[in-house]
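**Student:** Supplied in structure tokens, the structure appears directly below.
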Amino acid sequence: MKRVLVVDDNPDILDALDLLLSLHNYQVVTASTVKDAVIAANNQSIDLIIQDMNFSQGTTSGDEGKSLFYQLKELVPNTPIIIITAWSQLETAVELVKSGATDYLPKPWNDEKLLEVIAANINLKSSKNVKNQISKATKANNQQTNTPQFIVESLPMKQLISMADKVAASEISVLITGANGSGKERIADYIHQHSPRHANPFIKVNMGALASELMEAELFGAEKGAYTGATAARVGRFEAADGGTLFLDEIGNLSLAGQMKLLRVLQTGQFERVGSSQTISVDVRVISATNSNLVQAIQDGLFREDLYYRLNVVELNLPPLCERQDDIIPLAQHFVSGSHTLADETAQLLTQQPWSGNVRELENHCQRAMVLCSDDILLPEHFMLDSKSSKLKASKLTAYTSTTASSTSTNEDDKTHVKAVLDKHQWVIARAASELGLSRQALYRRIEKHQLTQEPSSQREPDSQQKPAPQQKQVAKQDLEKVQGK
């Protein structure tokens with residue numbers, strides 16, 4: 001069992017991460033002070049460290065976190081360190097990443113993203129050569145998932161998989177569109193595994209999670225001494241994917257400067273590492289994905305048209321789960337594989353849900369249900385779903401998630417849907433975000449964008465476990481202060 005050291009002065013955060021990681025089979029060691037963290041790292045075998053940036057009441061400078069980071073790097077130089085920080089310390093976090101930190105995540109963090117980063121890095125502790133380690137990990141993953149399992153019963157998915165089979169044999173660029181949680185990464189993996197490149201690396205990059213300061217080094221690599229803290233040459237993702245496939249997720253979030261740099265390597269297959277004048281040539285197939293309307297982004301001047309046509313030789317549009325009714329029960333049965341089974345009334349309830357978070361939301365509910373179930377029969381109450389949900393909600397959601405809808409219509413549907421989910425959960429941000437398939441931070445941005453406020457209601461029943469939220473900015477502030485304590 002891998003051992004993770006979590007360092008934070010807030011006991012709520014320590015408890016939350018302890019529970020999250022324990023549920024995913026990690027052994028957790030906690031420390032609330034710099035001294036305790038150093039002692040734990042020095043005396044125990046730690047596979048990965050998650051650390052905060054401040055450890056004293058009222059401190060927000062991040063200096064304590066920097067000091068601890070450099071102490072830990074000296075004590076355990078090969079142990080990955082993930083920084084969890086408030087936005088106010090973003091610049092400091094970027095500095096630490098350049099100095100060797102594995103990654104940084106803002107508070108409030110996204111559980112799925114955190115687990116993904118941990119899983120991707122925890123086995124690299126003894127790495128001596130980043131490129132070789134990436135290749136080995138990728139090939140091992142390819143062997144385990146040589147034929148990605150797809151639950152395909154609906155006609156829309158059968159048509160999409162048929163198209164994916166056709167484009168897999170070619171070398172053309174593919175753009176996968178669809179809502180969050182609908183399975184775009186799985187489609188990209190499927191294409192790679194059925195392509196002539198299947199024995200070579202399949203490298204995934206979340207473009208939306210890359211800071212502009214780190215994008216160039218992350219994609220194209222950097223030479224030793226290229227920037228402060230670059231103590232060794234760094235292999236970029238394009239170089240690591242040489243001969244294989246590079247999957248660029250959330251491509252719509254890439255900055256215009258990043259788009260220009262990406263366009264050059266797509267056109268020529270050549271680039272230079274940061275700090276080097278030597279041109280490197282690679283043979284990489286690019287598959288990209290987005291949940292945003294890139295055509296509208298082009299019209300708004302936010303996305304380059306030439307890059308769009310370079311990426312979108314063939315577009316595969318992945319329909320939301322509400323348009324794939326025949327897939328819901330087979331998917332649920334797959335997610336609860338083992339001794340658990342769905343009761344008949346549970347299956348009926350699942351097909352009535354709008355599944356705004358798509359396949360990811362369904363999987364999360366299935367996992368939760370198995371935890372809450374005391375035997376092998378999964379009942380409706382184990383899923384904590386609204387039994388009054390109807391297919392009318394799903395039809396409204398279809399309009400909301402359609403990437404071909406007009407900008408005005410999409411924004412209005414988005415506003416209505418987000419408001420409805422917030423009201424349903426009495427503006428408890430964590431629960432609303434979970435149903436929407438968003439991080440809490442992303443939900444805050446939606447609230448701010450649509451200028452949503454909670455309307456007082458005398459008919460609302462009190463809930464001892466939920467505290468009604470006031471207006472959006474107060475909601476965000478209270479939630480962040482409660483969890484972060486700073």
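For the structure tokens, the naming scheme is as follows: chains receive sequential letters (A, B, ...) according to their order of presentation, residues are indexed from 1 within each chain, and ligands are indexed from 1 in presentation order.
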With only C-alpha atoms as the counted atoms, please give the residues lying no more than 7 Å from stretch 73-80 of chain A, apart from itself and same-chain residues fewer than 2 positions off, as a list of chain:residue names.
**Tutor:**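 Listing them by chain and then by number gives A:Asn42, A:Asp47, A:Leu48, A:Ile49, A:Phe69, A:Tyr70, A:Gln71, A:Ile82, A:Ala101, A:Thr102, A:Asn121, A:Ile122, A:Lys125, A:Ser126.
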**Student:** Can you write just those residues out, all heavy atoms, as a compact mmCIF listing (two decimals), in the first residue's frame?
**Tutor:**
```txt
# COMPACT_ATOMS: atom_id res chain seq x y z
N ASN A 42 11.45 12.18 7.28
CA ASN A 42 12.79 11.70 7.62
C ASN A 42 12.78 10.31 8.22
O ASN A 42 13.76 9.57 8.12
CB ASN A 42 13.45 12.68 8.60
CG ASN A 42 14.95 12.47 8.70
OD1 ASN A 42 15.63 12.21 7.71
ND2 ASN A 42 15.48 12.57 9.91
N ASP A 47 5.77 7.76 -0.10
CA ASP A 47 5.74 7.63 -1.56
C ASP A 47 5.34 8.92 -2.26
O ASP A 47 5.68 9.13 -3.42
CB ASP A 47 4.79 6.51 -1.96
CG ASP A 47 5.26 5.16 -1.45
OD1 ASP A 47 6.28 4.68 -1.95
OD2 ASP A 47 4.61 4.61 -0.55
N LEU A 48 4.58 9.78 -1.58
CA LEU A 48 4.16 11.04 -2.19
C LEU A 48 3.74 11.99 -1.07
O LEU A 48 3.26 11.56 -0.02
CB LEU A 48 2.99 10.81 -3.16
CG LEU A 48 2.46 12.03 -3.91
CD1 LEU A 48 2.17 11.68 -5.38
CD2 LEU A 48 1.18 12.58 -3.27
N ILE A 49 3.95 13.31 -1.31
CA ILE A 49 3.64 14.32 -0.30
C ILE A 49 2.66 15.32 -0.89
O ILE A 49 2.81 15.77 -2.02
CB ILE A 49 4.91 15.06 0.17
CG1 ILE A 49 5.90 14.07 0.80
CG2 ILE A 49 4.57 16.18 1.15
CD1 ILE A 49 7.27 14.66 1.08
N PHE A 69 8.94 23.06 1.47
CA PHE A 69 9.17 22.38 0.20
C PHE A 69 10.67 22.12 -0.02
O PHE A 69 11.07 21.00 -0.37
CB PHE A 69 8.61 23.22 -0.95
CG PHE A 69 8.99 22.70 -2.31
CD1 PHE A 69 8.33 21.63 -2.87
CD2 PHE A 69 10.04 23.27 -3.03
CE1 PHE A 69 8.68 21.14 -4.12
CE2 PHE A 69 10.40 22.80 -4.28
CZ PHE A 69 9.71 21.72 -4.82
N TYR A 70 11.48 23.14 0.18
CA TYR A 70 12.92 22.98 -0.06
C TYR A 70 13.56 22.03 0.97
O TYR A 70 14.50 21.29 0.64
CB TYR A 70 13.61 24.34 -0.07
CG TYR A 70 13.26 25.16 -1.28
CD1 TYR A 70 12.59 26.37 -1.18
CD2 TYR A 70 13.58 24.70 -2.57
CE1 TYR A 70 12.25 27.11 -2.31
CE2 TYR A 70 13.24 25.43 -3.70
CZ TYR A 70 12.58 26.63 -3.56
OH TYR A 70 12.25 27.36 -4.68
N GLN A 71 13.05 22.02 2.19
CA GLN A 71 13.54 21.06 3.18
C GLN A 71 13.21 19.63 2.76
O GLN A 71 14.05 18.73 2.85
CB GLN A 71 12.92 21.34 4.55
CG GLN A 71 13.41 22.61 5.23
CD GLN A 71 12.81 22.75 6.63
OE1 GLN A 71 13.09 21.95 7.52
NE2 GLN A 71 11.99 23.77 6.80
N ILE A 82 3.09 17.43 -4.22
CA ILE A 82 1.97 18.16 -4.81
C ILE A 82 1.64 19.34 -3.89
O ILE A 82 1.45 19.16 -2.69
CB ILE A 82 0.74 17.26 -4.97
CG1 ILE A 82 1.06 16.09 -5.91
CG2 ILE A 82 -0.45 18.05 -5.50
CD1 ILE A 82 -0.04 15.05 -5.98
N ALA A 101 8.48 20.73 -7.95
CA ALA A 101 7.22 20.19 -7.45
C ALA A 101 6.49 19.46 -8.58
O ALA A 101 6.55 19.86 -9.74
CB ALA A 101 6.34 21.31 -6.89
N THR A 102 5.82 18.38 -8.24
CA THR A 102 5.14 17.57 -9.25
C THR A 102 3.99 18.33 -9.90
O THR A 102 3.83 18.31 -11.12
CB THR A 102 4.59 16.29 -8.60
OG1 THR A 102 5.69 15.52 -8.12
CG2 THR A 102 3.81 15.45 -9.60
N ASN A 121 1.76 9.96 -10.57
CA ASN A 121 3.11 10.31 -10.10
C ASN A 121 3.65 9.46 -8.96
O ASN A 121 4.85 9.46 -8.72
CB ASN A 121 3.13 11.78 -9.64
CG ASN A 121 2.99 12.73 -10.80
OD1 ASN A 121 3.95 13.04 -11.48
ND2 ASN A 121 1.78 13.22 -11.03
N ILE A 122 2.81 8.73 -8.28
CA ILE A 122 3.26 8.06 -7.07
C ILE A 122 4.24 6.92 -7.38
O ILE A 122 5.07 6.57 -6.54
CB ILE A 122 2.06 7.54 -6.25
CG1 ILE A 122 2.49 7.29 -4.81
CG2 ILE A 122 1.46 6.29 -6.89
CD1 ILE A 122 1.33 7.12 -3.86
N LYS A 125 8.65 7.64 -8.02
CA LYS A 125 9.54 8.10 -6.95
C LYS A 125 11.00 7.84 -7.25
O LYS A 125 11.87 8.68 -7.02
CB LYS A 125 9.14 7.43 -5.63
CG LYS A 125 10.04 7.76 -4.47
CD LYS A 125 9.61 7.05 -3.21
CE LYS A 125 10.57 7.33 -2.07
NZ LYS A 125 10.20 6.61 -0.84
N SER A 126 11.30 6.67 -7.77
CA SER A 126 12.70 6.31 -8.01
C SER A 126 13.14 6.59 -9.43
O SER A 126 14.14 6.06 -9.89
CB SER A 126 12.91 4.82 -7.69
OG SER A 126 12.09 4.04 -8.52
```
**Student:** For a quick check of understanding, using only C-alpha atoms, which of A:Tyr26, A:Phe271, A:Phe383, A:Phe247 has the smallest distance to A:Val6?
**Tutor:** A:Tyr26
**Student:** Residues at most 12 Å from A:Leu17, counting only C-alpha atoms, excluding those fewer than 3 positions away in the same chain, as a compact mmCIF listing (two decimals) with C-alpha atoms, in the first residue's frame?
**Tutor:**
```txt
# COMPACT_ATOMS: atom_id res chain seq x y z
CA VAL A 4 1.00 9.58 1.32
CA LEU A 5 2.06 12.37 3.68
CA VAL A 6 -0.50 15.19 3.95
CA VAL A 7 0.71 18.45 5.52
CA ASP A 8 -1.85 21.10 6.50
CA ASN A 10 -6.42 22.79 9.08
CA PRO A 11 -7.81 19.62 10.74
CA ASP A 12 -10.85 19.64 8.41
CA ILE A 13 -8.58 19.37 5.37
CA LEU A 14 -6.51 16.62 7.01
CA LEU A 20 -10.60 10.41 0.37
CA LEU A 21 -7.22 8.71 0.04
CA SER A 22 -8.08 5.87 2.44
CA LEU A 23 -11.11 5.03 0.31
CA HIS A 24 -8.73 4.68 -2.65
CA TYR A 26 -3.64 4.80 0.18
CA GLN A 27 -2.09 4.78 3.62
CA VAL A 28 -2.23 8.35 4.95
CA VAL A 29 0.21 10.06 7.31
CA THR A 30 -0.85 13.54 8.49
CA ALA A 31 1.18 16.46 9.84
CA ILE A 49 3.64 14.32 -0.30
CA ILE A 50 0.71 16.75 -0.43
CA GLN A 51 1.49 20.04 1.28
CA ILE A 84 -2.33 22.60 -2.68
CA PRO A 108 -10.94 23.98 -3.16
CA TRP A 109 -9.42 21.05 -4.99
CA ASN A 110 -11.16 18.68 -7.36
CA ASP A 111 -11.11 15.14 -5.89
CA LEU A 114 -6.16 15.12 -7.25
CA LEU A 115 -6.51 11.34 -7.45
CA VAL A 483 -12.34 24.33 4.34
```
**Student:** Give me, as a list in words, all polymer residues having an atom no more than 8 Å from A:Gly258, counting only C-alpha atoms and skipping those fewer than 4 positions away in the same chain.
**Tutor:** Ser212, Met215, Glu216, Leu254 and Leu262 of chain A
**Student:** Could you please take those selected residues and save C-alpha atoms as an mmCIF file, in the first residue's frame?
**Tutor:**
```
data_model
loop_
_atom_site.group_PDB
_atom_site.id
_atom_site.type_symbol
_atom_site.label_atom_id
_atom_site.label_comp_id
_atom_site.auth_asym_id
_atom_site.auth_seq_id
_atom_site.Cartn_x
_atom_site.Cartn_y
_atom_site.Cartn_z
ATOM 1 C CA SER A 212 0.590 29.637 -19.175
ATOM 2 C CA MET A 215 2.777 25.275 -20.828
ATOM 3 C CA GLU A 216 5.843 25.531 -23.042
ATOM 4 C CA LEU A 254 -5.475 26.961 -24.175
ATOM 5 C CA LEU A 262 1.026 24.428 -30.675
#
```
**Student:** Between atom CA of A:Gln296 and atom CA of A:Gly252, what is the distance in Å, rounded to a tenth?
**Tutor:** 10.8 Å
**Student:** Tell me which protein, DNA and RNA residues are within 12 Å of A:His334, counting only C-alpha atoms, leaving out same-chain ones fewer than 5 positions away, and put them as a compact mmCIF listing (two decimals) with N, CA and C atoms, in the first residue's frame.
**Tutor:**
```txt
# COMPACT_ATOMS: atom_id res chain seq x y z
N GLN A 149 -12.70 -1.35 -22.75
CA GLN A 149 -14.05 -1.89 -22.67
C GLN A 149 -15.06 -0.77 -22.83
N PHE A 150 -15.97 -0.92 -23.78
CA PHE A 150 -17.00 0.07 -24.00
C PHE A 150 -18.36 -0.58 -23.81
N ILE A 151 -19.20 0.10 -23.06
CA ILE A 151 -20.57 -0.35 -22.91
C ILE A 151 -21.38 0.37 -23.98
N VAL A 152 -21.70 -0.33 -25.04
CA VAL A 152 -22.35 0.29 -26.19
C VAL A 152 -23.62 -0.49 -26.52
N ASP A 327 -27.90 2.92 -22.82
CA ASP A 327 -26.60 2.65 -22.20
C ASP A 327 -26.62 2.77 -20.68
N ILE A 328 -27.66 3.39 -20.11
CA ILE A 328 -27.64 3.73 -18.68
C ILE A 328 -27.55 2.49 -17.81
N ILE A 329 -28.47 1.55 -18.00
CA ILE A 329 -28.47 0.36 -17.12
C ILE A 329 -27.24 -0.52 -17.36
N SER A 339 -20.52 -8.47 -6.48
CA SER A 339 -21.68 -9.13 -5.88
C SER A 339 -22.91 -8.23 -5.85
N HIS A 340 -22.74 -6.93 -6.09
CA HIS A 340 -23.87 -6.01 -6.02
C HIS A 340 -24.74 -6.12 -7.28
N THR A 341 -26.05 -5.98 -7.06
CA THR A 341 -27.01 -5.98 -8.17
C THR A 341 -28.00 -4.84 -7.98
N LEU A 342 -28.62 -4.43 -9.07
CA LEU A 342 -29.60 -3.35 -9.04
C LEU A 342 -31.00 -3.91 -8.85
N VAL A 359 -21.66 10.21 -17.80
CA VAL A 359 -21.19 8.90 -17.34
C VAL A 359 -20.44 9.02 -16.02
N LEU A 362 -22.90 9.14 -13.17
CA LEU A 362 -23.48 7.82 -12.94
C LEU A 362 -22.50 6.93 -12.19
N GLU A 363 -21.24 6.96 -12.59
CA GLU A 363 -20.24 6.14 -11.91
C GLU A 363 -20.08 6.56 -10.45
N CYS A 366 -22.94 5.26 -8.43
CA CYS A 366 -22.82 3.81 -8.23
C CYS A 366 -21.81 3.49 -7.13
N GLN A 367 -20.69 4.18 -7.13
CA GLN A 367 -19.69 3.96 -6.09
C GLN A 367 -20.24 4.33 -4.71
```
**Student:** Have a look at A:Glu315, A:Ala199, A:Gly178, A:Thr279 and name the one nearest to A:Asn358; count only C-alpha atoms.
**Tutor:**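 For A:Asn358, the nearest of the candidates is A:Gly178.
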**Student:** Tell me, as a PyMOL selection string, which residues lie within 12 Å of A:Asp344, counting only C-alpha atoms; anything in the same chain fewer than 3 positions away does not count.
**Tutor:** chain A and resi 329+341+347-351+377-380
**Student:** Mind dumping the selected residues with all heavy atoms as a PDB file, in the first residue's frame?
**Tutor:**
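part_1.pdb, written as the output of this step:
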```
ATOM      1  N   ILE A 329     -28.466   1.549 -18.001  1.00  0.00           N
ATOM      2  CA  ILE A 329     -28.469   0.359 -17.124  1.00  0.00           C
ATOM      3  C   ILE A 329     -27.239  -0.515 -17.361  1.00  0.00           C
ATOM      4  O   ILE A 329     -26.596  -0.955 -16.397  1.00  0.00           O
ATOM      5  CB  ILE A 329     -29.770  -0.446 -17.317  1.00  0.00           C
ATOM      6  CG1 ILE A 329     -30.980   0.429 -16.961  1.00  0.00           C
ATOM      7  CG2 ILE A 329     -29.750  -1.694 -16.439  1.00  0.00           C
ATOM      8  CD1 ILE A 329     -30.904   1.061 -15.582  1.00  0.00           C
ATOM      9  N   THR A 341     -26.055  -5.976  -7.063  1.00  0.00           N
ATOM     10  CA  THR A 341     -27.007  -5.985  -8.168  1.00  0.00           C
ATOM     11  C   THR A 341     -28.005  -4.842  -7.976  1.00  0.00           C
ATOM     12  O   THR A 341     -28.217  -4.357  -6.860  1.00  0.00           O
ATOM     13  CB  THR A 341     -27.781  -7.313  -8.248  1.00  0.00           C
ATOM     14  OG1 THR A 341     -28.442  -7.551  -6.994  1.00  0.00           O
ATOM     15  CG2 THR A 341     -26.837  -8.470  -8.545  1.00  0.00           C
ATOM     16  N   ALA A 347     -33.306   0.375 -11.142  1.00  0.00           N
ATOM     17  CA  ALA A 347     -33.052   0.506 -12.577  1.00  0.00           C
ATOM     18  C   ALA A 347     -34.029   1.492 -13.206  1.00  0.00           C
ATOM     19  O   ALA A 347     -33.650   2.314 -14.050  1.00  0.00           O
ATOM     20  CB  ALA A 347     -33.162  -0.864 -13.253  1.00  0.00           C
ATOM     21  N   GLN A 348     -35.298   1.433 -12.783  1.00  0.00           N
ATOM     22  CA  GLN A 348     -36.295   2.355 -13.318  1.00  0.00           C
ATOM     23  C   GLN A 348     -35.942   3.794 -12.950  1.00  0.00           C
ATOM     24  O   GLN A 348     -36.050   4.707 -13.771  1.00  0.00           O
ATOM     25  CB  GLN A 348     -37.679   1.996 -12.789  1.00  0.00           C
ATOM     26  CG  GLN A 348     -38.789   2.894 -13.330  1.00  0.00           C
ATOM     27  CD  GLN A 348     -40.162   2.463 -12.832  1.00  0.00           C
ATOM     28  OE1 GLN A 348     -40.296   1.528 -12.055  1.00  0.00           O
ATOM     29  NE2 GLN A 348     -41.195   3.159 -13.289  1.00  0.00           N
ATOM     30  N   LEU A 349     -35.502   4.016 -11.706  1.00  0.00           N
ATOM     31  CA  LEU A 349     -35.135   5.357 -11.255  1.00  0.00           C
ATOM     32  C   LEU A 349     -33.942   5.900 -12.035  1.00  0.00           C
ATOM     33  O   LEU A 349     -33.925   7.074 -12.428  1.00  0.00           O
ATOM     34  CB  LEU A 349     -34.807   5.338  -9.765  1.00  0.00           C
ATOM     35  CG  LEU A 349     -34.289   6.656  -9.165  1.00  0.00           C
ATOM     36  CD1 LEU A 349     -35.346   7.745  -9.266  1.00  0.00           C
ATOM     37  CD2 LEU A 349     -33.862   6.444  -7.710  1.00  0.00           C
ATOM     38  N   LEU A 350     -32.955   5.058 -12.293  1.00  0.00           N
ATOM     39  CA  LEU A 350     -31.752   5.500 -12.994  1.00  0.00           C
ATOM     40  C   LEU A 350     -32.077   5.991 -14.407  1.00  0.00           C
ATOM     41  O   LEU A 350     -31.491   6.955 -14.890  1.00  0.00           O
ATOM     42  CB  LEU A 350     -30.719   4.375 -13.059  1.00  0.00           C
ATOM     43  CG  LEU A 350     -30.121   3.918 -11.724  1.00  0.00           C
ATOM     44  CD1 LEU A 350     -29.076   2.830 -11.948  1.00  0.00           C
ATOM     45  CD2 LEU A 350     -29.490   5.082 -10.963  1.00  0.00           C
ATOM     46  N   THR A 351     -33.022   5.339 -15.077  1.00  0.00           N
ATOM     47  CA  THR A 351     -33.365   5.743 -16.439  1.00  0.00           C
ATOM     48  C   THR A 351     -34.171   7.036 -16.469  1.00  0.00           C
ATOM     49  O   THR A 351     -34.310   7.652 -17.530  1.00  0.00           O
ATOM     50  CB  THR A 351     -34.167   4.637 -17.149  1.00  0.00           C
ATOM     51  OG1 THR A 351     -35.371   4.373 -16.410  1.00  0.00           O
ATOM     52  CG2 THR A 351     -33.338   3.364 -17.262  1.00  0.00           C
ATOM     53  N   ILE A 377     -27.957  -5.839  -2.553  1.00  0.00           N
ATOM     54  CA  ILE A 377     -29.040  -5.291  -3.371  1.00  0.00           C
ATOM     55  C   ILE A 377     -29.025  -3.777  -3.261  1.00  0.00           C
ATOM     56  O   ILE A 377     -29.198  -3.213  -2.179  1.00  0.00           O
ATOM     57  CB  ILE A 377     -30.411  -5.831  -2.932  1.00  0.00           C
ATOM     58  CG1 ILE A 377     -30.398  -7.367  -2.923  1.00  0.00           C
ATOM     59  CG2 ILE A 377     -31.491  -5.307  -3.872  1.00  0.00           C
ATOM     60  CD1 ILE A 377     -30.125  -7.983  -4.275  1.00  0.00           C
ATOM     61  N   LEU A 378     -28.811  -3.121  -4.396  1.00  0.00           N
ATOM     62  CA  LEU A 378     -28.758  -1.663  -4.408  1.00  0.00           C
ATOM     63  C   LEU A 378     -30.162  -1.109  -4.624  1.00  0.00           C
ATOM     64  O   LEU A 378     -30.766  -1.300  -5.674  1.00  0.00           O
ATOM     65  CB  LEU A 378     -27.829  -1.185  -5.531  1.00  0.00           C
ATOM     66  CG  LEU A 378     -26.360  -1.619  -5.401  1.00  0.00           C
ATOM     67  CD1 LEU A 378     -25.567  -1.155  -6.614  1.00  0.00           C
ATOM     68  CD2 LEU A 378     -25.751  -1.054  -4.124  1.00  0.00           C
ATOM     69  N   LEU A 379     -30.658  -0.399  -3.595  1.00  0.00           N
ATOM     70  CA  LEU A 379     -32.000   0.163  -3.624  1.00  0.00           C
ATOM     71  C   LEU A 379     -31.954   1.637  -4.011  1.00  0.00           C
ATOM     72  O   LEU A 379     -30.896   2.272  -3.949  1.00  0.00           O
ATOM     73  CB  LEU A 379     -32.660  -0.002  -2.249  1.00  0.00           C
ATOM     74  CG  LEU A 379     -32.778  -1.447  -1.735  1.00  0.00           C
ATOM     75  CD1 LEU A 379     -33.327  -1.464  -0.319  1.00  0.00           C
ATOM     76  CD2 LEU A 379     -33.657  -2.268  -2.670  1.00  0.00           C
ATOM     77  N   PRO A 380     -33.101   2.221  -4.401  1.00  0.00           N
ATOM     78  CA  PRO A 380     -33.107   3.632  -4.820  1.00  0.00           C
ATOM     79  C   PRO A 380     -32.503   4.575  -3.793  1.00  0.00           C
ATOM     80  O   PRO A 380     -31.801   5.516  -4.145  1.00  0.00           O
ATOM     81  CB  PRO A 380     -34.599   3.910  -5.049  1.00  0.00           C
ATOM     82  CG  PRO A 380     -35.168   2.592  -5.462  1.00  0.00           C
ATOM     83  CD  PRO A 380     -34.422   1.579  -4.637  1.00  0.00           C
TER      84      PRO A 380
END
```
